[in-house]
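Asker: Handing you a structure now.
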Number of protein chains: 2
Amino acid sequence: MPVIWINGSLMEEQAVVISPRDRGFTLADGVFETMRCHGKHILWWSDHLQRFHAAAELLGISVPLDNETIENGLEGLLAYAGYSHSALRLTLTRGPSSRRGLWPPGDPVTPTMVASAGPLLTRATVRLIIAQSTRRNEYSPLSRTKSLNYGDSLLARREAEERGADEAVLLNSAGNVACCTVGNLFVRLGQDWFTPPVSDGVLPGLARERLIPILQAKQRTIAAAELPLAQAAIVSNSLSCALVTELDGLQMPDHDGLEDFVTLYECP
Amino acid sequence: MPVIWINGSLMEEQAVVISPRDRGFTLADGVFETMRCHGKHILWWSDHLQRFHAAAELLGISVPLDNETIENGLEGLLAYAGYSHSALRLTLTRGPSSRRGLWPPGDPVTPTMVASAGPLLTRATVRLIIAQSTRRNEYSPLSRTKSLNYGDSLLARREAEERGADEAVLLNSAGNVACCTVGNLFVRLGQDWFTPPVSDGVLPGLARERLIPILQAKQRTIAAAELPLAQAAIVSNSLSCALVTELDGLQMPDHDGLEDFVTLYECP
């Protein structure tokens, strides 16, 4: 029986009720984190927690439980779920609102905090496209935040599937490379690795932060026209890294010698 | 007892269960419409329905009920709610997903369709600010769609409250005027009315469509620097219109002779 951790308690998933007035459901008024877990161990937990609090603060949502209670709750969920390797998602919304409209949310509003775990499914390689259906908004702080507003990523991901690929690169409004729908992008141009700066509309990924020193990658704006010139590319997120084997239907030339980063995800 | 119309049935709100795996809750994977109602009559119903279907099609979500069933269901909800004037919200999400991640959503996924009504609360005047916290993304088709992705509007609306105003104008990535957080903007410059074109990142509002001929408004790009020069401004949405009395703390000079558009919302 799948279980959910909700507002401090473990419950059978079937018994969990999200209100139709929950502002996470009506207005994407919430944030989340997705974490890689090995048994009860949550990889990069303190960094995830820090980013989670920063996102909640940006939206002005009070985290209703203290850090220790959250950690204990998530470990309890992982212990019950019993996976050796899992993906854990922690979501916080502003909660059910007594009134309609954007703001004020009505009072009293109790935030909804919910977590679930599933088996870790990763892929070693991805075929990429450059999304044409939409772009990422570097003028919004949400482009640097794991908020619930995943609409643009969804459009781009569906476009990828329609065009026979696995994942999409989103450009920003200036037409430069931002990131993928669920990961950061690193590209090798000549002998050097590059990744776009966060100011270009990029989520500050925890794997990105670790790959920058490993690959000695430079942060600089990457024009869309540079992508087809890349000798290699990697898509990274908190669950895994993948090598890019194809871009817009063309083979990437080189996939050798890129295994180093896999150790990044090993359990300490 | 408040009631909700969900997947074709009227239910007491307390009994309605949204799954924590509903992609409307986890990923803002859905669309909605907000409609003004007089008794059981839904103002501009066929236009709302058309826009609703267009939004669902953009996201690739199948509307699970036929138009007549939806209309009958909403009328039943309005009859039960018994308001003389109300705001009705119809929401459609891709539904609960059996798997995590963006795409594919897992199968079978049954869309969630839910509607609720509340008393119509409108205001005749609004104090505006130009949002500095975020911008609207005219490169995303979601800027022209009533999707659940309201994060940027929420940030701007909170900023408005913090700065002592009621509503915020969002600029687009080019720094031109797009629209407000829950309405379109019309401004009078000299003797003429203007409103930004939909391509500037603007929801094609149903009141907007009707106000354009009434005000003989021209659609053209409006620079942020033009706003303080406006003699008058109106914010419009499907529930009501409001006169702008203040912009960034400065009084708007003229509010006379703008009552004509109020008849727009009269029940036929």
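Ordering of the structure tokens sets the chain letters (A, B, ...); residue numbers start at 1 within each chain; ligands are numbered from 1 in the order shown.
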Any idea what's packed within 7 Å of Arg89 (chain B), counting only C-alpha atoms, ignoring anything in its chain fewer than 6 positions away? Could you give it as number ranges by chain?
Answerer: B: 32-35, 115-117
Asker: Please produce a file of those selected residues containing N, CA and C atoms, as a short mmCIF file (atom, residue, chain, number, x, y, z; two decimals), in the first residue's frame.
Answerer:
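So the final result, stored in out.cif, reads:
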data_model
loop_
_atom_site.label_atom_id
_atom_site.label_comp_id
_atom_site.auth_asym_id
_atom_site.auth_seq_id
_atom_site.Cartn_x
_atom_site.Cartn_y
_atom_site.Cartn_z
N PHE B 32 -8.12 26.73 -16.60
CA PHE B 32 -9.38 27.08 -15.96
C PHE B 32 -10.04 28.28 -16.65
N GLU B 33 -11.26 28.52 -16.28
CA GLU B 33 -12.00 29.71 -16.68
C GLU B 33 -12.70 30.28 -15.45
N THR B 34 -12.80 31.60 -15.38
CA THR B 34 -13.58 32.24 -14.33
C THR B 34 -14.69 33.04 -15.01
N MET B 35 -15.91 32.83 -14.58
CA MET B 35 -17.07 33.38 -15.29
C MET B 35 -18.01 34.14 -14.37
N ALA B 115 -15.68 22.40 -10.56
CA ALA B 115 -16.19 23.77 -10.61
C ALA B 115 -16.73 24.16 -9.26
N SER B 116 -16.56 25.44 -8.94
CA SER B 116 -17.12 25.98 -7.70
C SER B 116 -17.59 27.41 -7.95
N ALA B 117 -18.55 27.83 -7.14
CA ALA B 117 -19.09 29.19 -7.28
C ALA B 117 -18.97 29.91 -5.95
#
Asker: Using only C-alpha atoms, what does the table of region 185-220 of chain B residues within 9 Å of region 232-255 of chain B look like, with each row giving the shortest atom pair and its distance in Å to one decimal, sorted by chain and ascending number, as JSON lines?
Answerer:
{"residue": "B:Leu185", "atom": "CA", "partner": "B:Val235", "partner_atom": "CA", "distance": 4.7}
{"residue": "B:Phe186", "atom": "CA", "partner": "B:Ile234", "partner_atom": "CA", "distance": 5.1}
{"residue": "B:Val187", "atom": "CA", "partner": "B:Ala233", "partner_atom": "CA", "distance": 4.2}
{"residue": "B:Arg188", "atom": "CA", "partner": "B:Ala232", "partner_atom": "CA", "distance": 5.1}
{"residue": "B:Leu189", "atom": "CA", "partner": "B:Ala232", "partner_atom": "CA", "distance": 7.6}
{"residue": "B:Trp193", "atom": "CA", "partner": "B:Ala233", "partner_atom": "CA", "distance": 8.6}
{"residue": "B:Gly205", "atom": "CA", "partner": "B:Asn237", "partner_atom": "CA", "distance": 6.3}
{"residue": "B:Leu206", "atom": "CA", "partner": "B:Ser238", "partner_atom": "CA", "distance": 6.1}
{"residue": "B:Ala207", "atom": "CA", "partner": "B:Asn237", "partner_atom": "CA", "distance": 5.5}
{"residue": "B:Arg208", "atom": "CA", "partner": "B:Ser236", "partner_atom": "CA", "distance": 6.5}
{"residue": "B:Leu211", "atom": "CA", "partner": "B:Ser236", "partner_atom": "CA", "distance": 8.5}
Asker: Which of region 11-258 of chain A counts as helix (DSSP H, G or I) under DSSP, as a PyMOL selection string please?
Answerer: chain A and resi 13-15+23-27+45-59+67-81+141-144+151-162+198-200+206-215+224-229
Asker: Name the residues in contact with Leu88 (chain A) at a cut-off of 12 Å, using only C-alpha atoms, excluding same-chain residues fewer than 2 positions from it; report them as a PyMOL selection string.
Answerer: (chain A and resi 4-5+32-43+45+48+71+73-75+77-79+81+83+85-86+90-91+114-121+238-239) or (chain B and resi 100-101)
Asker: Can you write out as JSON lines which residues of chain B fall within 6 Å of chain A, alongside each residue's closest atom pair and its distance in Å to one decimal, counting only C-alpha atoms and ordering rows by chain and ascending residue number?
Answerer:
{"residue": "B:Val17", "atom": "CA", "partner": "A:Val17", "partner_atom": "CA", "distance": 5.1}
{"residue": "B:Ile18", "atom": "CA", "partner": "A:Ile18", "partner_atom": "CA", "distance": 4.8}
{"residue": "B:Gly24", "atom": "CA", "partner": "A:Phe25", "partner_atom": "CA", "distance": 5.4}
{"residue": "B:Phe25", "atom": "CA", "partner": "A:Phe25", "partner_atom": "CA", "distance": 4.1}
{"residue": "B:Leu27", "atom": "CA", "partner": "A:Leu148", "partner_atom": "CA", "distance": 5.2}
{"residue": "B:Ala28", "atom": "CA", "partner": "A:Ala28", "partner_atom": "CA", "distance": 5.4}
{"residue": "B:Thr134", "atom": "CA", "partner": "A:Ser140", "partner_atom": "CA", "distance": 4.6}
{"residue": "B:Arg135", "atom": "CA", "partner": "A:Tyr139", "partner_atom": "CA", "distance": 5.6}
{"residue": "B:Asn137", "atom": "CA", "partner": "A:Asn137", "partner_atom": "CA", "distance": 5.6}
{"residue": "B:Tyr139", "atom": "CA", "partner": "A:Arg135", "partner_atom": "CA", "distance": 5.6}
{"residue": "B:Ser140", "atom": "CA", "partner": "A:Thr134", "partner_atom": "CA", "distance": 4.6}
{"residue": "B:Leu148", "atom": "CA", "partner": "A:Leu27", "partner_atom": "CA", "distance": 5.2}
{"residue": "B:Asn149", "atom": "CA", "partner": "A:Asn149", "partner_atom": "CA", "distance": 5.0}
{"residue": "B:Tyr150", "atom": "CA", "partner": "A:Leu27", "partner_atom": "CA", "distance": 5.3}
Asker: For N, CA, C and O atoms, I'd like the residues from the last selection saved as a JSON list (two decimals), in the first residue's frame.
Answerer:
[["chain", "number", "residue", "atom", "x", "y", "z"],
["B", 17, "VAL", "N", -12.38, 14.89, -2.94],
["B", 17, "VAL", "CA", -11.00, 14.46, -2.75],
["B", 17, "VAL", "C", -10.22, 14.73, -4.03],
["B", 17, "VAL", "O", -10.52, 14.17, -5.07],
["B", 18, "ILE", "N", -9.22, 15.59, -3.92],
["B", 18, "ILE", "CA", -8.25, 15.72, -5.00],
["B", 18, "ILE", "C", -7.05, 14.87, -4.60],
["B", 18, "ILE", "O", -6.56, 14.96, -3.48],
["B", 24, "GLY", "N", -2.53, 18.58, -11.63],
["B", 24, "GLY", "CA", -2.86, 19.98, -11.37],
["B", 24, "GLY", "C", -2.21, 20.46, -10.09],
["B", 24, "GLY", "O", -1.75, 21.59, -9.99],
["B", 25, "PHE", "N", -2.12, 19.57, -9.13],
["B", 25, "PHE", "CA", -1.52, 19.88, -7.82],
["B", 25, "PHE", "C", 0.00, 19.81, -7.87],
["B", 25, "PHE", "O", 0.68, 20.61, -7.22],
["B", 27, "LEU", "N", 2.13, 19.81, -10.74],
["B", 27, "LEU", "CA", 2.86, 20.43, -11.85],
["B", 27, "LEU", "C", 2.12, 21.57, -12.54],
["B", 27, "LEU", "O", 2.51, 21.98, -13.64],
["B", 28, "ALA", "N", 1.01, 22.03, -11.96],
["B", 28, "ALA", "CA", 0.20, 23.08, -12.61],
["B", 28, "ALA", "C", -0.20, 22.65, -14.02],
["B", 28, "ALA", "O", -0.27, 23.47, -14.94],
["B", 134, "THR", "N", 8.74, 40.71, -10.99],
["B", 134, "THR", "CA", 8.75, 39.70, -12.05],
["B", 134, "THR", "C", 8.17, 40.29, -13.32],
["B", 134, "THR", "O", 7.69, 41.44, -13.33],
["B", 135, "ARG", "N", 8.26, 39.52, -14.39],
["B", 135, "ARG", "CA", 7.70, 39.94, -15.68],
["B", 135, "ARG", "C", 6.95, 38.80, -16.32],
["B", 135, "ARG", "O", 7.05, 37.67, -15.90],
["B", 137, "ASN", "N", 6.03, 36.44, -19.66],
["B", 137, "ASN", "CA", 6.83, 35.82, -20.70],
["B", 137, "ASN", "C", 6.05, 35.75, -22.01],
["B", 137, "ASN", "O", 5.32, 34.79, -22.25],
["B", 139, "TYR", "N", 7.06, 35.03, -24.79],
["B", 139, "TYR", "CA", 7.54, 33.94, -25.64],
["B", 139, "TYR", "C", 6.89, 32.60, -25.28],
["B", 139, "TYR", "O", 7.19, 31.59, -25.90],
["B", 140, "SER", "N", 6.06, 32.60, -24.26],
["B", 140, "SER", "CA", 5.35, 31.37, -23.88],
["B", 140, "SER", "C", 3.89, 31.48, -24.29],
["B", 140, "SER", "O", 3.22, 32.47, -23.97],
["B", 148, "LEU", "N", -2.98, 26.98, -15.12],
["B", 148, "LEU", "CA", -2.87, 27.08, -13.66],
["B", 148, "LEU", "C", -1.59, 27.78, -13.20],
["B", 148, "LEU", "O", -1.41, 28.02, -12.01],
["B", 149, "ASN", "N", -0.72, 28.11, -14.15],
["B", 149, "ASN", "CA", 0.59, 28.66, -13.80],
["B", 149, "ASN", "C", 0.49, 30.15, -13.44],
["B", 149, "ASN", "O", 0.83, 31.02, -14.22],
["B", 150, "TYR", "N", 0.03, 30.43, -12.23],
["B", 150, "TYR", "CA", -0.21, 31.80, -11.80],
["B", 150, "TYR", "C", 0.90, 32.36, -10.91],
["B", 150, "TYR", "O", 0.72, 33.38, -10.24]]
Asker: Write out as an NGL selection string which residues come within 12 Å of Asp66 (chain A) when counting only C-alpha atoms, dropping same-chain ones fewer than 2 positions away.
Answerer: :A and (7-8 or 49 or 53 or 62-64 or 68-73 or 113)
Asker: Keeping only N, CA, C and O atoms, write the selected residues to a file as a compact mmCIF listing (two decimals), in the first residue's frame.
Answerer:
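Writing done, so here's out.txt:
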# COMPACT_ATOMS: atom_id res chain seq x y z
N ASN A 7 1.49 16.73 6.22
CA ASN A 7 1.38 17.59 7.39
C ASN A 7 1.83 16.90 8.67
O ASN A 7 1.21 17.02 9.72
N GLY A 8 2.91 16.13 8.54
CA GLY A 8 3.52 15.53 9.72
C GLY A 8 3.16 14.09 10.00
O GLY A 8 3.71 13.48 10.91
N LEU A 49 17.17 21.22 1.69
CA LEU A 49 16.36 21.91 2.71
C LEU A 49 16.55 23.43 2.61
O LEU A 49 15.59 24.21 2.70
N HIS A 53 13.60 26.13 1.74
CA HIS A 53 13.24 27.28 2.57
C HIS A 53 13.33 28.58 1.77
O HIS A 53 12.50 29.48 1.93
N SER A 62 4.90 30.11 4.90
CA SER A 62 5.59 29.66 6.12
C SER A 62 5.70 28.14 6.12
O SER A 62 4.69 27.46 5.97
N VAL A 63 6.89 27.65 6.32
CA VAL A 63 7.06 26.20 6.45
C VAL A 63 6.50 25.80 7.81
O VAL A 63 6.95 26.30 8.84
N PRO A 64 5.47 24.93 7.83
CA PRO A 64 4.72 24.72 9.08
C PRO A 64 5.40 23.79 10.08
O PRO A 64 4.92 23.67 11.20
N GLU A 68 13.87 19.38 11.86
CA GLU A 68 14.07 18.05 12.41
C GLU A 68 12.81 17.19 12.20
O GLU A 68 12.92 16.00 11.85
N THR A 69 11.65 17.79 12.41
CA THR A 69 10.40 17.06 12.21
C THR A 69 10.26 16.65 10.74
O THR A 69 9.83 15.53 10.43
N ILE A 70 10.64 17.56 9.84
CA ILE A 70 10.56 17.23 8.41
C ILE A 70 11.51 16.06 8.10
O ILE A 70 11.12 15.08 7.47
N GLU A 71 12.73 16.17 8.57
CA GLU A 71 13.72 15.12 8.26
C GLU A 71 13.27 13.77 8.82
O GLU A 71 13.32 12.75 8.13
N ASN A 72 12.82 13.79 10.07
CA ASN A 72 12.35 12.53 10.67
C ASN A 72 11.16 11.96 9.90
O ASN A 72 11.05 10.75 9.70
N GLY A 73 10.27 12.84 9.48
CA GLY A 73 9.10 12.40 8.73
C GLY A 73 9.49 11.76 7.40
O GLY A 73 8.97 10.70 7.03
N MET A 113 1.76 20.32 3.34
CA MET A 113 3.10 19.81 3.13
C MET A 113 2.99 18.31 2.92
O MET A 113 2.47 17.60 3.79
Asker: Rounded to one decimal, what separation in Å do you get between CA of Ile130 (chain B) and CA of Leu170 (chain B)?
Answerer: 6.3 Å
Asker: Report, in Å to a single decimal, how far apart CA of Val169 (chain B) and CA of Ile129 (chain B) are.
Answerer: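 A separation of 6.2 Å between them.
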Asker: Work out how far CA of Thr122 (chain B) is from CA of Arg220 (chain B), in Å to one decimal.
Answerer: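 We find that CA of Arg220 (chain B) and CA of Thr122 (chain B) lie 27.8 Å from each other.
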